[in-house]
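S.K.: File my_file04.tsv follows (TSV, C-alpha atoms and all ligand atoms):
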```tsv
chain	number	residue	atom	x	y	z
S	1	MET	CA	44.87	210.25	71.31
S	2	ALA	CA	47.76	210.01	73.83
S	3	LEU	CA	50.92	208.37	72.55
S	4	GLN	CA	51.83	205.04	74.07
S	5	LEU	CA	55.02	202.97	73.90
S	6	ARG	CA	54.50	200.09	71.49
S	7	VAL	CA	56.17	196.76	72.26
S	8	TYR	CA	55.94	194.03	69.62
S	9	VAL	CA	56.70	190.37	70.31
S	10	PRO	CA	56.67	188.80	66.83
S	11	PRO	CA	54.95	185.38	67.01
S	12	HIS	CA	57.50	183.82	64.65
S	13	PRO	CA	58.58	180.19	65.22
S	14	LEU	CA	62.23	181.05	64.47
S	15	VAL	CA	62.20	183.82	67.08
S	16	LYS	CA	60.75	181.36	69.62
S	17	HIS	CA	63.24	178.67	68.65
S	18	TRP	CA	66.34	180.85	69.00
S	19	LEU	CA	65.04	182.37	72.23
S	20	GLY	CA	64.73	178.85	73.67
S	21	VAL	CA	68.30	178.07	72.60
S	22	ALA	CA	69.56	181.31	74.15
S	23	ARG	CA	67.71	180.75	77.44
S	24	ASP	CA	69.08	177.21	77.93
S	25	VAL	CA	71.92	177.27	80.47
S	26	ASN	CA	73.49	174.27	78.69
S	27	THR	CA	73.87	176.13	75.38
S	28	PRO	CA	77.60	176.59	74.72
S	29	SER	CA	78.95	180.02	73.89
S	30	ALA	CA	79.38	179.40	70.13
S	31	LEU	CA	75.74	178.29	69.80
S	32	PHE	CA	74.56	181.13	72.05
S	33	ARG	CA	76.29	183.54	69.69
S	34	SER	CA	74.47	181.94	66.73
S	35	ALA	CA	71.17	182.30	68.60
S	36	MET	CA	71.84	186.02	69.08
S	37	THR	CA	72.75	186.40	65.41
S	38	GLU	CA	69.52	184.70	64.36
S	39	LEU	CA	67.43	186.76	66.78
S	40	GLY	CA	69.09	189.90	65.43
S	41	ARG	CA	68.27	188.82	61.89
S	42	TRP	CA	64.59	187.93	62.40
S	43	LEU	CA	63.73	190.73	64.83
S	44	THR	CA	65.28	193.25	62.42
S	45	TYR	CA	63.32	191.72	59.55
S	46	GLU	CA	60.10	192.15	61.55
S	47	ALA	CA	60.97	195.64	62.82
S	48	ILE	CA	61.61	197.17	59.39
S	49	ARG	CA	58.57	195.66	57.67
S	50	ASP	CA	56.52	198.90	57.82
S	51	TRP	CA	59.41	201.24	58.60
S	52	LEU	CA	62.06	200.99	55.91
S	53	PRO	CA	61.53	203.90	53.49
S	54	VAL	CA	60.95	202.88	49.90
S	55	VAL	CA	60.62	204.55	46.51
S	56	GLU	CA	58.27	203.47	43.77
S	57	THR	CA	59.67	203.44	40.26
S	58	LYS	CA	59.67	201.37	37.08
S	59	VAL	CA	62.17	198.91	35.63
S	60	GLN	CA	62.50	197.30	32.27
S	61	THR	CA	62.52	193.48	32.43
S	62	PRO	CA	63.78	191.54	29.38
S	63	LEU	CA	60.11	191.49	28.27
S	64	ALA	CA	58.36	194.68	29.37
S	65	GLU	CA	58.37	197.66	31.65
S	66	CYS	CA	56.87	197.07	35.11
S	67	PRO	CA	56.52	198.80	38.50
S	68	ALA	CA	59.32	198.26	41.01
S	69	THR	CA	59.89	199.19	44.67
S	70	PHE	CA	63.36	199.90	46.05
S	71	VAL	CA	64.76	200.86	49.45
S	72	ASN	CA	65.06	204.65	49.43
S	73	PRO	CA	68.77	205.50	49.39
S	74	GLN	CA	68.04	209.14	50.40
S	75	ILE	CA	66.94	208.26	53.96
S	76	PRO	CA	69.93	207.31	56.13
S	77	ILE	CA	69.53	204.15	58.20
S	78	VAL	CA	71.70	204.00	61.29
S	79	VAL	CA	72.31	200.97	63.50
S	80	ILE	CA	73.62	201.38	67.05
S	81	PRO	CA	74.77	198.27	68.91
S	82	ILE	CA	75.15	198.76	72.66
S	83	LEU	CA	78.42	197.06	73.59
S	84	ARG	CA	79.10	194.40	74.46
S	85	ALA	CA	75.98	192.32	74.06
S	86	GLY	CA	74.43	194.31	71.21
S	87	LEU	CA	77.24	193.07	68.96
S	88	GLY	CA	75.61	189.63	68.94
S	89	LEU	CA	72.38	191.02	67.46
S	90	LEU	CA	74.27	193.29	65.07
S	91	GLU	CA	75.75	190.29	63.27
S	92	GLY	CA	72.28	189.19	62.09
S	93	GLY	CA	70.91	192.71	61.67
S	94	GLN	CA	73.67	193.56	59.23
S	95	THR	CA	72.62	190.74	56.91
S	96	VAL	CA	69.19	192.41	56.61
S	97	LEU	CA	70.50	196.01	56.40
S	98	PRO	CA	73.93	195.66	54.78
S	99	LEU	CA	74.14	199.35	53.83
S	100	ALA	CA	73.25	200.83	57.23
S	101	SER	CA	75.87	202.96	59.00
S	102	ILE	CA	76.98	201.51	62.33
S	103	TYR	CA	77.86	203.66	65.33
S	104	HIS	CA	79.09	201.88	68.46
S	105	LEU	CA	78.06	202.84	71.97
S	106	GLY	CA	79.82	201.10	74.87
S	107	MET	CA	78.00	200.99	78.21
S	108	VAL	CA	79.05	199.34	81.44
S	109	ARG	CA	76.84	198.78	84.44
S	110	ASN	CA	78.12	199.30	87.97
S	111	GLU	CA	77.15	195.99	89.61
S	112	GLU	CA	76.46	197.67	92.98
S	113	THR	CA	74.57	200.84	92.05
S	114	LEU	CA	73.26	199.38	88.72
S	115	GLU	CA	74.05	202.81	87.18
S	116	ALA	CA	75.21	202.69	83.54
S	117	THR	CA	78.21	204.68	82.36
S	118	CYS	CA	79.32	205.21	78.80
S	119	TYR	CA	82.94	204.15	78.10
S	120	LEU	CA	82.86	204.39	74.28
S	121	ASN	CA	80.85	206.83	72.22
S	122	LYS	CA	81.31	206.76	68.43
S	123	LEU	CA	78.13	208.74	67.71
S	124	PRO	CA	78.45	211.78	65.42
S	125	SER	CA	77.95	215.20	67.07
S	126	GLN	CA	74.66	215.57	65.13
S	127	PHE	CA	72.51	213.16	63.12
S	128	ALA	CA	70.80	214.08	59.83
S	129	PRO	CA	67.23	215.30	60.50
S	130	ASN	CA	65.59	212.48	58.51
S	131	VAL	CA	67.67	209.62	59.97
S	132	ARG	CA	66.08	206.34	61.10
S	133	VAL	CA	67.78	204.51	63.94
S	134	LEU	CA	67.77	200.90	65.14
S	135	ILE	CA	69.29	200.25	68.58
S	136	TYR	CA	70.49	196.75	69.47
S	137	ASP	CA	70.37	196.01	73.20
S	138	PRO	CA	69.41	192.41	74.01
S	139	MET	CA	68.49	192.88	77.69
S	140	LEU	CA	66.16	195.72	78.72
S	141	ALA	CA	66.28	195.15	82.48
S	142	THR	CA	66.43	198.11	84.89
S	143	GLY	CA	66.47	200.53	81.96
S	144	GLY	CA	69.64	202.41	83.01
S	145	THR	CA	71.60	201.58	79.87
S	146	ILE	CA	68.87	202.10	77.30
S	147	MET	CA	67.73	205.38	78.90
S	148	GLN	CA	71.26	206.70	78.68
S	149	ALA	CA	71.58	205.55	75.07
S	150	MET	CA	68.32	207.31	74.19
S	151	ALA	CA	69.54	210.51	75.86
S	152	GLU	CA	72.75	210.39	73.80
S	153	LEU	CA	70.66	210.08	70.63
S	154	THR	CA	68.05	212.73	71.34
S	155	GLN	CA	70.81	215.20	72.34
S	156	ARG	CA	72.17	214.70	68.80
S	157	GLY	CA	68.95	215.55	67.01
S	158	VAL	CA	67.28	212.13	66.76
S	159	ASP	CA	63.50	212.09	67.22
S	160	ALA	CA	62.44	209.11	69.38
S	161	ALA	CA	59.60	208.50	66.87
S	162	ASP	CA	62.29	207.53	64.33
S	163	VAL	CA	63.93	204.98	66.66
S	164	ARG	CA	63.21	201.27	66.97
S	165	ILE	CA	64.82	199.17	69.69
S	166	ILE	CA	65.65	195.53	69.08
S	167	SER	CA	65.92	193.47	72.26
S	168	VAL	CA	65.69	189.80	73.19
S	169	VAL	CA	64.24	189.99	76.71
S	170	ALA	CA	62.48	193.12	77.98
S	171	ALA	CA	61.31	193.67	81.56
S	172	PRO	CA	58.78	196.09	83.12
S	173	PRO	CA	61.24	198.49	84.86
S	174	ALA	CA	62.94	199.35	81.54
S	175	LEU	CA	59.65	199.49	79.63
S	176	GLN	CA	58.09	201.80	82.24
S	177	LYS	CA	61.04	204.22	82.12
S	178	LEU	CA	61.09	204.28	78.32
S	179	SER	CA	57.33	204.75	78.17
S	180	ALA	CA	57.40	207.70	80.60
S	181	THR	CA	60.07	209.63	78.66
S	182	TYR	CA	59.66	208.38	75.06
S	183	PRO	CA	56.01	207.40	74.57
S	184	ASN	CA	56.39	207.36	70.79
S	185	LEU	CA	59.14	204.70	70.81
S	186	VAL	CA	58.70	201.27	69.25
S	187	ILE	CA	60.36	198.11	70.60
S	188	TYR	CA	60.72	194.69	69.01
S	189	THR	CA	61.60	191.94	71.45
S	190	ALA	CA	61.54	188.13	71.52
S	191	CYS	CA	59.75	188.15	74.91
S	192	ILE	CA	58.77	190.11	78.00
S	193	ASP	CA	59.79	188.65	81.38
S	194	GLU	CA	58.13	190.04	84.50
S	195	VAL	CA	60.94	189.99	87.07
S	196	VAL	CA	64.22	191.85	87.54
S	197	ASN	CA	66.04	190.56	90.63
S	198	ASP	CA	67.85	192.72	93.20
S	199	ILE	CA	71.16	192.49	91.31
S	200	GLY	CA	69.58	193.71	88.07
S	201	TYR	CA	69.19	190.40	86.22
S	202	ILE	CA	66.02	189.48	84.37
S	203	VAL	CA	64.34	186.28	85.64
S	204	PRO	CA	64.08	183.80	83.97
S	205	GLY	CA	65.97	185.84	81.34
S	206	LEU	CA	69.05	184.22	79.87
S	207	GLY	CA	71.83	185.29	82.23
S	208	ASP	CA	74.61	187.71	81.31
S	209	ALA	CA	74.23	188.09	77.55
S	210	GLY	CA	77.70	189.64	77.06
S	211	ASP	CA	79.48	186.90	79.03
S	212	ARG	CA	77.59	184.18	77.19
S	213	ILE	CA	78.31	185.67	73.73
S	214	PHE	CA	82.01	186.10	74.41
S	215	GLY	CA	82.56	183.06	76.65
S	216	THR	CA	83.82	185.15	79.58
S	301	LIG	N1	72.08	192.30	81.28
S	301	LIG	C1	72.21	190.98	81.02
S	301	LIG	O1	73.11	190.57	80.30
S	301	LIG	N2	71.34	190.13	81.58
S	301	LIG	C2	70.32	190.53	82.38
S	301	LIG	O2	69.53	189.70	82.84
S	301	LIG	C3	70.20	191.92	82.64
S	301	LIG	C4	71.09	192.78	82.08
```
Let's see the structure in the file written out as structure tokens.

M.R.:
Amino acid sequence: MALQLRVYVPPHPLVKHWLGVARDVNTPSALFRSAMTELGRWLTYEAIRDWLPVVETKVQTPLAECPATFVNPQIPIVVIPILRAGLGLLEGGQTVLPLASIYHLGMVRNEETLEATCYLNKLPSQFAPNVRVLIYDPMLATGGTIMQAMAELTQRGVDAADVRIISVVAAPPALQKLSATYPNLVIYTACIDEVVNDIGYIVPGLGDAGDRIFGT
């Protein structure tokens, strides 16, 4: 069976609620930031449900021995926020995965050509072969930024099958590019919007996520 990009939109009322808050143009920056934190928290919770490696063991309660399941400490979990806007999601994601290692990747988009360039790269030269990676990038619009981030990861030994992307709004141009190059990727997003306008913004979207998080 041919591999196909999987995009999950969790039907959770809290995801819908915080997406509505984030979309509203009248939401002030401090509340927008909270919305991003909450979306990061709940989308991460959903994304790791069947993905976080566990070990089965036994523990002794005060009364008897019983089976117990723990997160497997042998499998490294890595979180990569794409700066700036990914920092908003990271805040919530960290509450779910407090022990994950965090590597920052800073990308800026040329507003005329819409090409992404990397201005900060804190990735290690090589990742462990069994690593699992979560990328935080709230807006998957033209796909320039996320495609470059994926290239940086795969060059360093990460298998796309071990990557999950957490976004808030995803649009067809980015999904098509990801699907063509990384068909075994999995994406968790709060919604899919159909349109990217000619200056690279998702419509209806939520505007410039970085500016709204940081009040710029
Ligand atoms: N980045 C944003 O912040 N918003 C968009 O709509 C597209 C890219």

S.K.: List as a list in words the protein and nucleic acid residues lying within 6 Å of ligand LIG 301 (chain S), with only C-alpha atoms and all ligand atoms counted.

M.R.: Met139, Ala141, Gly200, Tyr201, Ile202, Gly205, Gly207, Asp208, Ala209 and Gly210 of chain S

S.K.: Between S:Leu105, S:Ile165, S:Leu175, S:Ala116, which has the minimum distance to Val133 (chain S) (counting all atoms listed in the file)?

M.R.: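 Looking at the shortest contact to Val133 (chain S), the residue is S:Ile165.
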
S.K.: Find the distance between CA of Arg164 (chain S) and CA of Asn197 (chain S) and write it in Å to one decimal.

M.R.: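 Answer for the CA of Arg164 (chain S) to CA of Asn197 (chain S) separation: 26.1 Å.
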
S.K.: For CA of Leu89 (chain S) and CA of Glu38 (chain S), determine how far apart the two atoms are, in Å to one decimal place.

M.R.: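 Separation of CA of Leu89 (chain S) and CA of Glu38 (chain S): 7.6 Å.
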
S.K.: Mind giving me the axis-aligned box for region 89-102 of chain S with 4 Å on every side, centre plus edges in Å to one decimal, as lines of an AutoDock Vina configuration file?

M.R.:
```
center_x = 73.1
center_y = 196.1
center_z = 60.6
size_x = 15.8
size_y = 21.8
size_z = 21.6
```

S.K.: Could you check how far CA of Ala2 (chain S) sits from CA of Tyr45 (chain S), in Å to one decimal?

M.R.: 27.9 Å

S.K.: Find the nearest atom pair between each residue of region 21-98 of chain S and region 181-195 of chain S for residues within 10 Å, count only C-alpha atoms, give distances in Å to one decimal, sort rows by chain and ascending number, and present the table as a Markdown table.

M.R.:
```
| residue | atom | partner | partner_atom | distance |
| --- | --- | --- | --- | --- |
| S:Leu39 | CA | S:Ala190 | CA | 7.7 |
| S:Gly40 | CA | S:Thr189 | CA | 9.8 |
| S:Trp42 | CA | S:Ala190 | CA | 9.6 |
| S:Leu43 | CA | S:Tyr188 | CA | 6.5 |
| S:Thr44 | CA | S:Tyr188 | CA | 8.1 |
| S:Glu46 | CA | S:Tyr188 | CA | 7.9 |
| S:Ala47 | CA | S:Tyr188 | CA | 6.3 |
| S:Ile48 | CA | S:Tyr188 | CA | 10.0 |
```

S.K.: I'd like to know which of S:Leu123, S:Cys118, S:Val158, S:Ala128 is closest to Ile146 (chain S), using all atoms listed in the file.

M.R.: S:Cys118

S.K.: Mind listing whatever residues come within 12 Å of the point (58.8, 205.2, 52.0)? Use only C-alpha atoms, file coordinates, and give them as a VMD selection string.

M.R.: chain S and resid 48 to 57 69 to 75 130 132

S.K.: Considering all atoms listed in the file, state which residue in the set S:Arg109, S:Arg84, S:Lys122, S:His104 is at the smallest distance from Asp211 (chain S).

M.R.: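 Ranked by minimum distance to Asp211 (chain S), first place goes to S:Arg84.
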
S.K.: Around the point (75.3, 183.8, 65.3) in the file's coordinates, collect all residues with an atom within 12 Å, using all atoms listed in the file, and return them as a ChimeraX atom specification.

M.R.: /S:18,21-22,29-42,87-95,213-214
